[in-house]
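J.: For reference, the file start05.cif (mmCIF, C-alpha atoms) is included below:
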```cif
data_query
loop_
_atom_site.group_PDB
_atom_site.id
_atom_site.type_symbol
_atom_site.label_atom_id
_atom_site.label_comp_id
_atom_site.auth_asym_id
_atom_site.auth_seq_id
_atom_site.Cartn_x
_atom_site.Cartn_y
_atom_site.Cartn_z
ATOM 1 C CA MET A 27 -32.919 39.419 51.867
ATOM 2 C CA ASN A 28 -33.807 36.826 49.261
ATOM 3 C CA ARG A 29 -30.130 36.081 48.640
ATOM 4 C CA PHE A 30 -29.528 35.654 52.341
ATOM 5 C CA VAL A 31 -32.253 33.016 52.617
ATOM 6 C CA LEU A 32 -30.885 31.079 49.631
ATOM 7 C CA LEU A 33 -27.372 31.184 51.065
ATOM 8 C CA PHE A 34 -28.625 29.962 54.431
ATOM 9 C CA LEU A 35 -30.476 27.028 52.847
ATOM 10 C CA ALA A 36 -27.423 26.041 50.789
ATOM 11 C CA ILE A 37 -25.201 26.028 53.918
ATOM 12 C CA LEU A 38 -27.812 23.974 55.773
ATOM 13 C CA GLN A 39 -27.882 21.354 53.008
ATOM 14 C CA LEU A 40 -24.067 21.099 52.919
ATOM 15 C CA THR A 41 -23.748 20.678 56.673
ATOM 16 C CA SER A 42 -26.482 18.051 56.815
ATOM 17 C CA ALA A 43 -24.710 15.998 54.132
ATOM 18 C CA PHE A 44 -21.703 15.428 56.419
ATOM 19 C CA VAL A 45 -23.608 14.645 59.651
ATOM 20 C CA PRO A 46 -23.792 10.884 60.446
ATOM 21 C CA VAL A 47 -27.248 9.436 60.176
ATOM 22 C CA SER A 48 -28.554 7.715 63.296
ATOM 23 C CA ASN A 49 -30.474 4.448 63.134
ATOM 24 C CA PHE A 50 -33.463 6.021 64.848
ATOM 25 C CA GLY A 51 -33.853 2.865 66.910
ATOM 26 C CA ALA A 52 -33.758 0.458 63.948
ATOM 27 C CA ARG A 53 -31.893 -2.759 64.558
ATOM 28 C CA SER A 54 -28.949 -3.530 62.270
ATOM 29 C CA VAL A 55 -28.975 -6.883 60.481
ATOM 30 C CA ALA A 56 -25.857 -9.084 60.682
ATOM 31 C CA LEU A 57 -24.838 -10.443 57.291
ATOM 32 C CA PHE A 58 -22.073 -12.832 58.324
ATOM 33 C CA ALA A 59 -21.588 -15.269 61.196
ATOM 34 C CA GLY A 60 -19.985 -13.647 64.234
ATOM 35 C CA GLU A 61 -21.083 -10.184 63.214
ATOM 36 C CA GLY A 62 -23.470 -8.152 65.300
ATOM 37 C CA ASP A 63 -24.634 -8.158 68.913
ATOM 38 C CA GLN A 64 -25.083 -11.893 69.336
ATOM 39 C CA GLU A 65 -22.167 -13.945 68.082
ATOM 40 C CA GLY A 66 -24.517 -16.342 66.339
ATOM 41 C CA GLY A 67 -26.001 -16.237 62.920
ATOM 42 C CA ALA A 68 -25.928 -18.014 59.641
ATOM 43 C CA ALA A 69 -22.807 -20.060 58.951
ATOM 44 C CA ILE A 70 -21.606 -21.569 55.703
ATOM 45 C CA ALA A 71 -22.892 -25.128 55.418
ATOM 46 C CA LYS A 72 -20.343 -27.892 54.872
ATOM 47 C CA PRO A 73 -21.473 -31.058 53.114
ATOM 48 C CA LYS A 74 -21.156 -34.297 55.078
ATOM 49 C CA ILE A 75 -20.839 -36.447 51.941
ATOM 50 C CA LYS A 76 -17.299 -37.326 50.852
ATOM 51 C CA THR A 77 -16.528 -38.151 47.244
ATOM 52 C CA ASP A 78 -13.625 -40.226 45.989
ATOM 53 C CA GLN A 79 -11.905 -39.102 42.829
ATOM 54 C CA LYS A 80 -9.788 -41.463 40.762
ATOM 55 C CA THR A 81 -7.756 -40.400 37.777
ATOM 56 C CA LYS A 82 -7.102 -42.766 34.908
ATOM 57 C CA THR A 83 -4.284 -42.138 32.456
ATOM 58 C CA VAL A 84 -4.744 -43.473 28.953
ATOM 59 C CA GLN A 85 -1.948 -43.516 26.398
ATOM 60 C CA LYS A 86 -2.832 -42.707 22.854
ATOM 61 C CA GLN A 87 -1.546 -44.915 20.095
ATOM 62 C CA LYS A 88 -0.578 -43.676 16.679
ATOM 63 C CA SER A 89 -2.743 -44.923 13.879
ATOM 64 C CA LYS A 90 -2.180 -44.535 10.181
ATOM 65 C CA GLN A 91 -4.815 -42.746 8.220
ATOM 66 C CA SER A 92 -4.991 -43.170 4.511
ATOM 67 C CA GLN A 93 -6.981 -40.994 2.189
ATOM 68 C CA GLU A 94 -7.693 -42.163 -1.277
ATOM 69 C CA ALA A 95 -8.161 -39.731 -4.116
ATOM 70 C CA LYS A 96 -11.717 -39.454 -5.219
ATOM 71 C CA THR A 97 -12.065 -40.144 -8.924
ATOM 72 C CA HIS A 98 -15.335 -38.281 -9.192
ATOM 73 C CA ASP A 99 -13.814 -35.041 -7.886
ATOM 74 C CA PRO A 100 -14.088 -32.526 -10.783
ATOM 75 C CA ILE A 101 -11.442 -30.195 -9.338
ATOM 76 C CA SER A 102 -8.630 -32.735 -9.427
ATOM 77 C CA ARG A 103 -9.520 -33.874 -12.950
ATOM 78 C CA ARG A 104 -9.611 -30.378 -14.401
ATOM 79 C CA GLU A 105 -6.674 -29.584 -16.653
ATOM 80 C CA GLU A 106 -5.267 -26.142 -16.128
ATOM 81 C CA ILE A 107 -4.407 -24.308 -19.289
ATOM 82 C CA PHE A 108 -1.645 -21.768 -19.069
ATOM 83 C CA GLU A 109 -0.904 -19.390 -21.856
ATOM 84 C CA GLU A 110 2.712 -18.420 -22.226
ATOM 85 C CA ALA A 111 3.383 -14.716 -21.827
ATOM 86 C CA PRO A 112 4.680 -13.161 -25.026
ATOM 87 C CA MET A 113 8.381 -12.405 -24.784
ATOM 88 C CA TYR A 114 9.956 -9.152 -25.920
ATOM 89 C CA LYS A 115 13.538 -8.361 -26.820
ATOM 90 C CA LEU A 116 15.260 -5.538 -24.965
ATOM 91 C CA MET A 117 17.479 -3.859 -27.555
ATOM 92 C CA LEU A 118 20.331 -1.490 -26.658
ATOM 93 C CA LEU A 119 20.597 1.229 -29.306
ATOM 94 C CA GLY A 120 24.146 2.187 -30.248
ATOM 95 C CA ASP A 121 25.386 5.752 -29.792
ATOM 96 C CA ASP A 122 28.888 7.195 -30.164
ATOM 97 C CA SER A 123 28.448 9.480 -27.150
ATOM 98 C CA TYR A 124 28.122 6.612 -24.633
ATOM 99 C CA ASP A 125 30.652 6.398 -21.819
ATOM 100 C CA VAL A 126 31.565 2.699 -21.684
ATOM 101 C CA GLU A 127 31.922 2.533 -17.887
ATOM 102 C CA HIS A 128 28.597 4.305 -17.318
ATOM 103 C CA VAL A 129 26.647 2.053 -19.712
ATOM 104 C CA VAL A 130 28.185 -1.147 -18.315
ATOM 105 C CA GLU A 131 27.503 -0.042 -14.731
ATOM 106 C CA ARG A 132 23.875 0.914 -15.440
ATOM 107 C CA LEU A 133 23.139 -2.254 -17.447
ATOM 108 C CA CYS A 134 24.430 -4.409 -14.573
ATOM 109 C CA ALA A 135 22.429 -2.414 -12.032
ATOM 110 C CA ILE A 136 19.144 -2.391 -13.981
ATOM 111 C CA VAL A 137 18.995 -5.718 -15.840
ATOM 112 C CA ASP A 138 18.782 -8.535 -13.290
ATOM 113 C CA ASP A 139 20.597 -11.335 -15.102
ATOM 114 C CA MET A 140 23.426 -9.325 -16.658
ATOM 115 C CA ASP A 141 27.020 -9.184 -15.427
ATOM 116 C CA GLU A 142 29.845 -6.830 -16.474
ATOM 117 C CA ASP A 143 31.224 -9.085 -19.223
ATOM 118 C CA GLN A 144 27.816 -9.486 -20.854
ATOM 119 C CA ALA A 145 27.102 -5.759 -20.595
ATOM 120 C CA GLN A 146 30.419 -4.886 -22.233
ATOM 121 C CA SER A 147 29.908 -7.361 -25.095
ATOM 122 C CA VAL A 148 26.360 -6.032 -25.713
ATOM 123 C CA LEU A 149 27.714 -2.460 -25.830
ATOM 124 C CA LEU A 150 30.475 -3.438 -28.261
ATOM 125 C CA MET A 151 27.958 -5.223 -30.531
ATOM 126 C CA ALA A 152 25.626 -2.186 -30.476
ATOM 127 C CA GLY A 153 28.377 0.120 -31.797
ATOM 128 C CA PRO A 154 28.836 -1.071 -35.401
ATOM 129 C CA SER A 155 25.367 -2.560 -36.038
ATOM 130 C CA GLY A 156 23.406 0.193 -34.270
ATOM 131 C CA GLU A 157 21.664 -2.143 -31.831
ATOM 132 C CA ALA A 158 22.234 -5.259 -29.739
ATOM 133 C CA MET A 159 19.887 -7.541 -27.812
ATOM 134 C CA CYS A 160 20.235 -7.468 -24.019
ATOM 135 C CA GLY A 161 17.764 -10.294 -23.405
ATOM 136 C CA LYS A 162 14.184 -11.600 -23.774
ATOM 137 C CA TYR A 163 11.655 -10.678 -21.103
ATOM 138 C CA PRO A 164 7.886 -10.452 -20.592
ATOM 139 C CA MET A 165 6.431 -7.146 -21.791
ATOM 140 C CA GLU A 166 6.145 -5.504 -18.359
ATOM 141 C CA LYS A 167 9.706 -6.331 -17.387
ATOM 142 C CA ALA A 168 11.096 -5.227 -20.781
ATOM 143 C CA GLU A 169 9.242 -1.915 -20.504
ATOM 144 C CA LEU A 170 10.559 -1.432 -16.963
ATOM 145 C CA TYR A 171 14.159 -1.973 -18.096
ATOM 146 C CA LYS A 172 13.675 0.408 -21.031
ATOM 147 C CA GLU A 173 12.274 3.158 -18.776
ATOM 148 C CA GLN A 174 15.057 2.745 -16.220
ATOM 149 C CA LEU A 175 17.744 2.924 -18.903
ATOM 150 C CA ILE A 176 16.282 6.114 -20.403
ATOM 151 C CA ARG A 177 16.174 7.707 -16.928
ATOM 152 C CA SER A 178 19.900 7.178 -16.441
ATOM 153 C CA ASP A 179 22.017 10.317 -16.475
ATOM 154 C CA PRO A 180 23.302 10.510 -19.218
ATOM 155 C CA MET A 181 20.503 8.674 -21.035
ATOM 156 C CA ILE A 182 20.970 5.186 -22.430
ATOM 157 C CA TYR A 183 18.727 4.569 -25.421
ATOM 158 C CA SER A 184 16.933 1.244 -25.766
ATOM 159 C CA ASP A 185 13.920 -0.262 -27.476
ATOM 160 C CA ILE A 186 11.671 -3.280 -27.055
ATOM 161 C CA ARG A 187 10.504 -5.530 -29.878
ATOM 162 C CA ASN A 188 8.269 -8.542 -30.112
ATOM 163 C CA GLU A 189 10.207 -11.820 -30.045
ATOM 164 C CA ASN A 190 8.759 -12.880 -33.418
ATOM 165 C CA GLU A 191 10.025 -9.808 -35.287
#
```
Take the structure in this file and express it as structure tokens.

T.:
Amino acid sequence: MNRFVLLFLAILQLTSAFVPVSNFGARSVALFAGEGDQEGGAAIAKPKIKTDQKTKTVQKQKSKQSQEAKTHDPISRREEIFEEAPMYKLMLLGDDSYDVEHVVERLCAIVDDMDEDQAQSVLLMAGPSGEAMCGKYPMEKAELYKEQLIRSDPMIYSDIRNENE
């Protein structure tokens, strides 16, 4: 019985939600002119004052601007001191087991400023003396070249030395 009453109330609420609501005798208010029972009402006001607008065009002229350096500016008077990076020699170590084509190809591919003729002459110099200089580079770049040469397959042995040695 209790369920029946709850079901009945739920159906009653649903049906009342879709039924149009009557005005119960209340008069509707017209929001715009021409709307409602009487075709009168508030209209948008138009101003009776007229304004004249004139446009003036002005051409701009180029003017030269000169800026003088300020002598009291401490930034421009500061001398910048640069310390030269220490240079290191990349040395190719000679080995009888080197394949000439492989070493020349890898040297050209790894060392930026080396061509095939230079690579071949460095390899030929490294044979009898045991080592030959490939070039002078900052420490980071020389170490990079050395690591890349040792990672070649087969390995190419190299060393780096301080320029002053």

J.: Could you pull the residues within 8 Å of segment 152-162 of chain A, counting all atoms listed in the file, minus those fewer than 5 positions along the same chain, as a ChimeraX atom specification?

T.: /A:113-122,145,168,189

J.: Atom CA of Asn188 of chain A to atom CA of Met165 of chain A: how many Å, to one decimal?

T.: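 Separating atom CA of Asn188 of chain A from atom CA of Met165 of chain A is a distance of 8.6 Å.
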
J.: Per residue of segment 119-138 of chain A within 10 Å of segment 171-180 of chain A, record the nearest atom pair and its distance in Å to one decimal, counting all atoms listed in the file, with rows in chain order and ascending residue number, as a tab-separated table.

T.:
```
residue	atom	partner	partner_atom	distance
A:Ser123	CA	A:Pro180	CA	9.5
A:Tyr124	CA	A:Pro180	CA	8.2
A:Asp125	CA	A:Pro180	CA	8.8
A:His128	CA	A:Pro180	CA	8.4
A:Val129	CA	A:Leu175	CA	9.0
A:Arg132	CA	A:Leu175	CA	7.3
A:Leu133	CA	A:Leu175	CA	7.6
A:Ala135	CA	A:Leu175	CA	9.9
A:Ile136	CA	A:Tyr171	CA	6.5
A:Val137	CA	A:Tyr171	CA	6.5
A:Asp138	CA	A:Tyr171	CA	9.4
```

J.: Using all atoms listed in the file, which protein or nucleic acid residues come within 12 Å of Asp143 of chain A? Drop anything in the same chain fewer than 3 positions from it, and give the result as a list in words.

T.: Glu127, Val130, Glu131, Leu133, Cys134, Asp139, Met140, Gln146, Ser147, Val148, Leu149 and Leu150 of chain A

J.: If I take atom CA of Ile107 of chain A and atom CA of Lys167 of chain A, how far is one from the other in Å, to one decimal?

T.: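 About the pair atom CA of Ile107 of chain A and atom CA of Lys167 of chain A: they are 22.9 Å apart.
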
J.: Please compute the atom CA of Met151 of chain A-atom CA of Ile182 of chain A distance, one decimal, in Å.

T.: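 Between atom CA of Met151 of chain A and atom CA of Ile182 of chain A the gap works out to 14.9 Å.
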
J.: How big is the axis-aligned box, and where does its centre sit, when it encloses all atoms of segment 30-42 of chain A listed in the file and has 8 Å added on every side, reported in Å to one decimal as AutoDock Vina command-line options?

T.:
```
--center_x -28.0 --center_y 26.9 --center_z 53.2 --size_x 24.5 --size_y 33.6 --size_z 23.2
```

J.: May I have the protein, DNA and RNA residues with an atom at most 7 Å from (2.5, -8.4, -23.9), counting all atoms listed in the file in the file's coordinates, returned as a ChimeraX atom specification?

T.: /A:111-112,164-165

J.: I need the chosen residues saved as a PDB file, keeping the file's coordinate frame, with C-alpha atoms.

T.:
```
ATOM      1  CA  ALA A 111       3.383 -14.716 -21.827  1.00  0.00           C
ATOM      2  CA  PRO A 112       4.680 -13.161 -25.026  1.00  0.00           C
ATOM      3  CA  PRO A 164       7.886 -10.452 -20.592  1.00  0.00           C
ATOM      4  CA  MET A 165       6.431  -7.146 -21.791  1.00  0.00           C
TER       5      MET A 165
END
```
